[in-house]
Amino acid sequence: MQKKSYLPDLLSDKHLLLRQKVRMLWQQSGREDVTLAESHLISLLEDQSETIAGAARKMNISRQAVHRCAKGLIEKNYIDDKTIQKNERDKVLVLTDKGSAFCREIIEVKQQVEEEIAEKIGHENVIWLKKLLEENWDNKIM
């Protein structure tokens, strides 16, 4: 029986595979270990600070899981949590200088992975795939 190939499943599988590859290369470089969830949270905070609830929605995990992940990153000095003035209970997660450096360094690793993929499927296909994935599908499919 032939396995069915559905786009959501294929994208999900490749996403996990790529994140694992980036993490493996990061570890091989001798840098401090960062879990997949921690790396995902740091990458999310690269563009803008975020509350725990907001990060949980974007990462599609529980607030408790984001809180545990954030706690580990705070201990490692990759992120910090700042109290929101309007609400003492809510905190916003922000990158530290070490977290920003991680983002810059991980880009090199991601570029290496992208180049490996381009060697296998062709540079034109990588450009085409990135263009498709950068499109806004929300208003087209939902």
# chains A, B, ... in the order shown; residues from 1 in each chain; ligands from 1

call {"tool": "select_by_dssp", "arguments": {"residues": "range 8-133 of chain A", "states": "strand (DSSP E)", "output": "PyMOL selection string"}}
result
chain A and resi 50-51+79-84+87-95

call {"tool": "write_last_selection", "arguments": {"atoms": "all heavy atoms", "output": "short mmCIF file (atom, residue, chain, number, x, y, z; two decimals), in the first residue's frame"}}
result
data_model
loop_
_atom_site.label_atom_id
_atom_site.label_comp_id
_atom_site.auth_asym_id
_atom_site.auth_seq_id
_atom_site.Cartn_x
_atom_site.Cartn_y
_atom_site.Cartn_z
N GLU A 50 7.54 39.09 23.07
CA GLU A 50 6.25 38.38 23.07
C GLU A 50 5.90 37.98 24.49
O GLU A 50 6.78 37.70 25.30
CB GLU A 50 6.40 37.13 22.19
CG GLU A 50 5.14 36.40 21.89
CD GLU A 50 4.16 37.22 21.05
OE1 GLU A 50 4.45 37.44 19.87
OE2 GLU A 50 3.12 37.62 21.60
N THR A 51 4.62 37.95 24.81
CA THR A 51 4.18 37.41 26.08
C THR A 51 4.23 35.89 26.02
O THR A 51 4.31 35.31 24.94
CB THR A 51 2.73 37.84 26.40
OG1 THR A 51 1.86 37.29 25.40
CG2 THR A 51 2.59 39.36 26.46
N ILE A 79 17.33 34.88 27.13
CA ILE A 79 16.20 35.81 27.15
C ILE A 79 16.03 36.37 28.55
O ILE A 79 16.63 35.89 29.51
CB ILE A 79 14.88 35.14 26.69
CG1 ILE A 79 14.41 34.06 27.68
CG2 ILE A 79 15.00 34.58 25.28
CD1 ILE A 79 13.02 33.52 27.39
N ASP A 80 15.19 37.38 28.64
CA ASP A 80 14.83 37.98 29.93
C ASP A 80 13.33 38.19 29.91
O ASP A 80 12.72 38.26 28.83
CB ASP A 80 15.57 39.31 30.11
CG ASP A 80 15.59 39.78 31.55
OD1 ASP A 80 15.12 39.03 32.44
OD2 ASP A 80 16.08 40.89 31.80
N ASP A 81 12.74 38.28 31.08
CA ASP A 81 11.31 38.60 31.14
C ASP A 81 11.14 39.95 31.82
O ASP A 81 11.75 40.23 32.84
CB ASP A 81 10.50 37.49 31.83
CG ASP A 81 10.94 37.23 33.27
OD1 ASP A 81 12.03 37.69 33.66
OD2 ASP A 81 10.19 36.56 33.99
N LYS A 82 10.33 40.76 31.21
CA LYS A 82 10.08 42.11 31.71
C LYS A 82 8.61 42.23 32.07
O LYS A 82 7.74 41.77 31.33
CB LYS A 82 10.41 43.16 30.64
CG LYS A 82 11.82 43.07 30.08
CD LYS A 82 12.80 43.67 31.01
CE LYS A 82 14.18 43.64 30.35
NZ LYS A 82 15.24 44.00 31.23
N THR A 83 8.33 42.87 33.19
CA THR A 83 6.96 43.08 33.61
C THR A 83 6.31 44.15 32.74
O THR A 83 6.91 45.18 32.45
CB THR A 83 6.91 43.52 35.09
OG1 THR A 83 7.56 42.52 35.87
CG2 THR A 83 5.48 43.69 35.57
N ILE A 84 5.08 43.88 32.32
CA ILE A 84 4.30 44.86 31.57
C ILE A 84 3.72 45.85 32.57
O ILE A 84 3.11 45.44 33.56
CB ILE A 84 3.17 44.17 30.76
CG1 ILE A 84 3.78 43.19 29.76
CG2 ILE A 84 2.29 45.19 30.08
CD1 ILE A 84 2.75 42.34 29.03
N ASN A 87 0.00 45.59 33.61
CA ASN A 87 -0.42 44.38 34.30
C ASN A 87 0.80 43.72 34.94
O ASN A 87 1.62 43.14 34.26
CB ASN A 87 -1.09 43.43 33.29
CG ASN A 87 -1.66 42.20 33.95
OD1 ASN A 87 -1.36 41.88 35.07
ND2 ASN A 87 -2.50 41.51 33.21
N GLU A 88 0.89 43.80 36.24
CA GLU A 88 2.05 43.26 36.96
C GLU A 88 2.20 41.74 36.77
O GLU A 88 3.27 41.20 36.89
CB GLU A 88 1.92 43.57 38.45
CG GLU A 88 2.04 45.04 38.79
CD GLU A 88 3.45 45.56 38.59
OE1 GLU A 88 4.42 44.84 38.89
OE2 GLU A 88 3.59 46.70 38.12
N ARG A 89 1.09 41.07 36.48
CA ARG A 89 1.11 39.61 36.37
C ARG A 89 1.72 39.14 35.05
O ARG A 89 2.44 38.15 35.00
CB ARG A 89 -0.32 39.08 36.49
CG ARG A 89 -0.42 37.62 36.76
CD ARG A 89 -1.87 37.25 36.95
NE ARG A 89 -2.60 37.42 35.70
CZ ARG A 89 -3.08 36.43 34.98
NH1 ARG A 89 -2.93 35.19 35.38
NH2 ARG A 89 -3.74 36.65 33.86
N ASP A 90 1.44 39.86 33.97
CA ASP A 90 1.95 39.47 32.66
C ASP A 90 3.38 39.94 32.47
O ASP A 90 3.74 41.03 32.89
CB ASP A 90 1.08 40.04 31.54
CG ASP A 90 -0.25 39.33 31.41
OD1 ASP A 90 -0.33 38.17 31.87
OD2 ASP A 90 -1.19 39.91 30.85
N LYS A 91 4.15 39.10 31.80
CA LYS A 91 5.54 39.45 31.50
C LYS A 91 5.75 39.28 30.01
O LYS A 91 5.12 38.46 29.36
CB LYS A 91 6.49 38.55 32.27
CG LYS A 91 6.39 38.72 33.77
CD LYS A 91 7.54 38.10 34.48
CE LYS A 91 7.38 38.17 35.96
NZ LYS A 91 7.75 39.39 36.55
N VAL A 92 6.65 40.08 29.49
CA VAL A 92 7.00 40.00 28.08
C VAL A 92 8.41 39.40 28.00
O VAL A 92 9.27 39.71 28.83
CB VAL A 92 6.88 41.38 27.40
CG1 VAL A 92 8.13 42.20 27.57
CG2 VAL A 92 6.52 41.29 25.98
N LEU A 93 8.61 38.50 27.04
CA LEU A 93 9.90 37.85 26.86
C LEU A 93 10.71 38.63 25.83
O LEU A 93 10.18 38.95 24.76
CB LEU A 93 9.70 36.41 26.39
CG LEU A 93 8.84 35.52 27.29
CD1 LEU A 93 8.60 34.16 26.65
CD2 LEU A 93 9.48 35.36 28.67
N VAL A 94 11.96 38.93 26.14
CA VAL A 94 12.84 39.68 25.24
C VAL A 94 14.19 38.99 25.16
O VAL A 94 14.62 38.33 26.10
CB VAL A 94 13.01 41.15 25.70
CG1 VAL A 94 11.70 41.90 25.67
CG2 VAL A 94 13.63 41.21 27.09
N LEU A 95 14.84 39.15 24.02
CA LEU A 95 16.18 38.59 23.85
C LEU A 95 17.21 39.41 24.62
O LEU A 95 17.12 40.64 24.69
CB LEU A 95 16.58 38.60 22.38
CG LEU A 95 15.89 37.61 21.45
CD1 LEU A 95 16.40 37.79 20.03
CD2 LEU A 95 16.10 36.18 21.91
#

call {"tool": "residues_around", "arguments": {"residues": "range 13-28 of chain A", "least_positions_apart": "3", "cutoff": "12 Å", "atoms": "only C-alpha atoms", "output": "ChimeraX atom specification"}}
result
/A:5-10,31-40,43,102-103,105-114,116-117

call {"tool": "write_last_selection", "arguments": {"atoms": "C-alpha atoms", "output": "tab-separated table (two decimals), in the first residue's frame"}}
result
chain	number	residue	atom	x	y	z
A	5	SER	CA	1.25	12.33	0.85
A	6	TYR	CA	-0.71	15.24	2.23
A	7	LEU	CA	0.85	18.69	2.18
A	8	PRO	CA	0.31	19.47	5.90
A	9	ASP	CA	1.99	16.19	6.87
A	10	LEU	CA	4.86	16.64	4.42
A	31	ARG	CA	28.30	25.69	21.23
A	32	GLU	CA	26.02	25.54	24.26
A	33	ASP	CA	23.18	23.06	23.76
A	34	VAL	CA	19.77	24.53	23.05
A	35	THR	CA	16.69	22.31	22.73
A	36	LEU	CA	14.38	22.44	19.71
A	37	ALA	CA	11.73	24.28	21.73
A	38	GLU	CA	14.28	26.74	23.12
A	39	SER	CA	15.64	27.43	19.64
A	40	HIS	CA	12.11	27.92	18.33
A	43	SER	CA	13.78	32.55	16.85
A	102	PHE	CA	22.53	33.19	18.98
A	103	CYS	CA	20.13	34.45	16.28
A	105	GLU	CA	25.09	32.67	14.58
A	106	ILE	CA	22.21	30.27	13.88
A	107	ILE	CA	21.61	32.06	10.57
A	108	GLU	CA	24.96	30.72	9.38
A	109	VAL	CA	23.91	27.19	10.32
A	110	LYS	CA	20.55	27.62	8.56
A	111	GLN	CA	22.34	28.91	5.45
A	112	GLN	CA	24.54	25.80	5.51
A	113	VAL	CA	21.46	23.55	5.68
A	114	GLU	CA	19.81	25.52	2.87
A	116	GLU	CA	22.90	21.31	1.36
A	117	ILE	CA	19.26	21.16	0.28

call {"tool": "residues_around", "arguments": {"residues": "Ala65 in chain A", "least_positions_apart": "6", "cutoff": "12 Å", "atoms": "only C-alpha atoms", "output": "list in words"}}
result
Ala37, Glu38, Leu41, Ile52, Ala53, Ala55, Ala56, Arg57, Met59, Lys71 and Gly72 of chain A

call {"tool": "write_last_selection", "arguments": {"atoms": "C-alpha atoms", "output": "tab-separated table (two decimals), in the first residue's frame"}}
result
chain	number	residue	atom	x	y	z
A	37	ALA	CA	11.73	24.28	21.73
A	38	GLU	CA	14.28	26.74	23.12
A	41	LEU	CA	11.29	30.40	21.13
A	52	ILE	CA	4.12	33.81	27.22
A	53	ALA	CA	0.52	33.47	26.03
A	55	ALA	CA	4.42	32.70	22.24
A	56	ALA	CA	2.29	29.68	23.17
A	57	ARG	CA	-0.21	30.53	20.43
A	59	MET	CA	4.41	27.86	18.82
A	71	LYS	CA	12.72	29.63	32.46
A	72	GLY	CA	15.56	27.52	31.01

call {"tool": "atom_distance", "arguments": {"atom1": "CA of Ala70 in chain A", "atom2": "CA of Gln85 in chain A"}}
result
19.9 Å

call {"tool": "atom_distance", "arguments": {"atom1": "CA of Cys69 in chain A", "atom2": "CA of Gly54 in chain A"}}
result
13.9 Å

call {"tool": "select_by_dssp", "arguments": {"residues": "chain A", "states": "alpha helix (DSSP H)", "output": "JSON, numbers by chain"}}
result
{"A": [7, 8, 9, 10, 11, 12, 13, 14, 15, 16, 17, 18, 19, 20, 21, 22, 23, 24, 25, 26, 27, 28, 36, 37, 38, 39, 40, 41, 42, 43, 44, 45, 46, 47, 52, 53, 54, 55, 56, 57, 58, 59, 63, 64, 65, 66, 67, 68, 69, 70, 71, 72, 73, 74, 75, 97, 98, 99, 100, 101, 102, 103, 104, 105, 106, 107, 108, 109, 110, 111, 112, 113, 114, 115, 116, 117, 118, 119, 120, 121, 123, 124, 125, 126, 127, 128, 129, 130, 131, 132, 133, 134, 138, 139, 140, 141]}

call {"tool": "closest_residue", "arguments": {"among": "A:Lys58, A:Tyr78, A:Asn136, A:Ser29", "to": "Ser100 in chain A", "atoms": "only C-alpha atoms"}}
result
A:Tyr78

call {"tool": "atom_distance", "arguments": {"atom1": "CA of Glu135 in chain A", "atom2": "CA of Ser12 in chain A"}}
result
17.3 Å

call {"tool": "closest_residue", "arguments": {"among": "A:Glu124, A:Asp47, A:Glu119, A:Asp97", "to": "Asn77 in chain A", "atoms": "only C-alpha atoms"}}
result
A:Asp97
